[in-house]
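Notes follow the structure.
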Amino acid sequence: MTMKRLLLAAIALTSLTANATQSYSFLSGGYQFTRVAENGMGQYFADKYNNSEDSKYLHGLYFRGSWNFYDHFFAEYRTGATTRSSSTLVQDYLAMGYYIPLATDTSIYASMGYSGYNAERDIDAGCGLLDNDKECKKRTFSEDGSGISGEIGLRFKPLRWLQMEPSYRYTDFGKKGQHELRLTNLIEFTQHSALELNAGYRHWDNLDETNYQVGYRYSF
């Protein structure tokens with residue numbers, strides 16, 4: 001009797017893992033809109049440039065790829081690049097992770113890896129009042145950094161066609177840590193195809209940055 005119960009429990013656990021609908025192997029990407037609140041640009045450019053009075057709005061693209069290469073282990077890479085007139089912001093994340101199925105449509109995960117950022121700004125140097133000032137020229141100021149980063153998250157399906165993924169990531173860039181809250185939403189068309197509607201928030205000392213994404217995901 002005991003052996004029979006153990007066998008049934010093993011079969012149920014195997015079925016639970018095999019039937020988990022959230023795929024940790026996928027490719028996604030699309031449009032990203034970024035808002036940097038007042039004084040936020042100074043975190044990237046120091047005294048070279050800061051939006052001390054107004055928020056700045058940037059437009060660009062994002063990409064995210066994940067590969068469930070063995071058992072519950074996965075590798076992930078994500079990046080987002082946005083720009084406006086003279087400013088460009090890029091940040092990425094490369095990590096290894098492990099997920100644990102909790103139910104057919106629910107799992108938790110944790111990942112650890114490396115995050116980097118790059119910020120560029122075209123700055124006028126030596127410009128006078130006249131457009132033909134020969135001493136007037138533009139130069140590009142670039143600032144970048146990197147550090148260890150870790151994330152925890154939860155995936156669940158409140159509706160048959162909707163998957164949600166709230167997550168938190170911390171990155172140590174050396175000069176104070178960056179906190180990131182992210183909510184990924186998948187509106188599923190098929191088992192492999194879905195529309196992404198995502199939102200994220202980053203806080204890093206003086207930086208308050210909000211990101212919104214609209215894109216497409218293919219799971220395999």
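In the structure tokens, the first chain shown is A, the next is B, and so on; residue numbers restart at 1 for each chain, and ligands run from 1 in the order shown.
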
**Prompt:** What's the 8 Å shell around A:Gly145, counting only C-alpha atoms, without same-chain residues fewer than 3 positions away, as a ChimeraX atom specification?
**Reply:** /A:116-118,173

Atoms kept (N, CA, C and O atoms) for selection, written as a JSON list (two decimals), in the first residue's frame:
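And here is the file that came out, result14.json:
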[["chain", "number", "residue", "atom", "x", "y", "z"],
["A", 116, "GLY", "N", 24.99, 45.46, -17.16],
["A", 116, "GLY", "CA", 25.80, 46.61, -17.57],
["A", 116, "GLY", "C", 24.92, 47.70, -18.14],
["A", 116, "GLY", "O", 23.79, 47.46, -18.57],
["A", 117, "TYR", "N", 25.44, 48.92, -18.13],
["A", 117, "TYR", "CA", 24.71, 50.04, -18.73],
["A", 117, "TYR", "C", 25.67, 50.91, -19.52],
["A", 117, "TYR", "O", 26.89, 50.95, -19.26],
["A", 118, "ASN", "N", 25.12, 51.62, -20.50],
["A", 118, "ASN", "CA", 25.89, 52.60, -21.26],
["A", 118, "ASN", "C", 24.99, 53.79, -21.54],
["A", 118, "ASN", "O", 23.84, 53.62, -21.94],
["A", 173, "PHE", "N", 26.18, 48.42, -8.92],
["A", 173, "PHE", "CA", 27.01, 49.15, -9.87],
["A", 173, "PHE", "C", 28.18, 49.87, -9.18],
["A", 173, "PHE", "O", 28.84, 50.70, -9.80]]

**Item:** Spatial neighbours of stretch 30-33 of chain A, 6 Å, only C-alpha atoms, chain gap at least 2 places, as a PyMOL selection string
**Value:** chain A and resi 58-62+211-215

**Request:** Go through A:Arg169, A:Leu159, A:Gln22, A:Trp67 and flag the residue nearest A:Leu102, using only C-alpha atoms for the distances.
**Result:** A:Gln22

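Comparing the minimum interatomic distances between A:Glu196 and each of A:Phe63, A:Phe220, A:Tyr170, A:Phe74, counting only C-alpha atoms, we find that A:Phe63 sits nearest.
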
**Message:** For a quick check of understanding, using only C-alpha atoms, which of A:Trp161, A:Ile187, A:Ser66, A:Thr83 has the smallest distance to A:Arg35?
**Reply:**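 Residue with the minimum atom-to-atom distance to A:Arg35: A:Thr83.
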
**Item:** Pick from A:Ser142, A:Trp204, A:Thr88, A:Thr104 nearest to A:Arg160, counting only C-alpha atoms
**Value:**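 Among A:Ser142, A:Trp204, A:Thr88, A:Thr104, it is A:Thr104 that comes nearest to A:Arg160.
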
**Message:** Give me the residues near A:Tyr70 as a ChimeraX atom specification, where near means some atom within 12 Å (using only C-alpha atoms) and where sequence neighbours in that chain fewer than 2 positions away do not count.
**Reply:** /A:24-25,67-68,72-75,96-99

**Request:** Extract the full set of strand (DSSP E) residues from stretch 4-220 of chain A according to DSSP on the backbone, and format it as a PyMOL selection string.
**Result:** chain A and resi 26-36+56-70+73-84+87-103+106-125+137-159+162-172+177-188+193-204+207-219
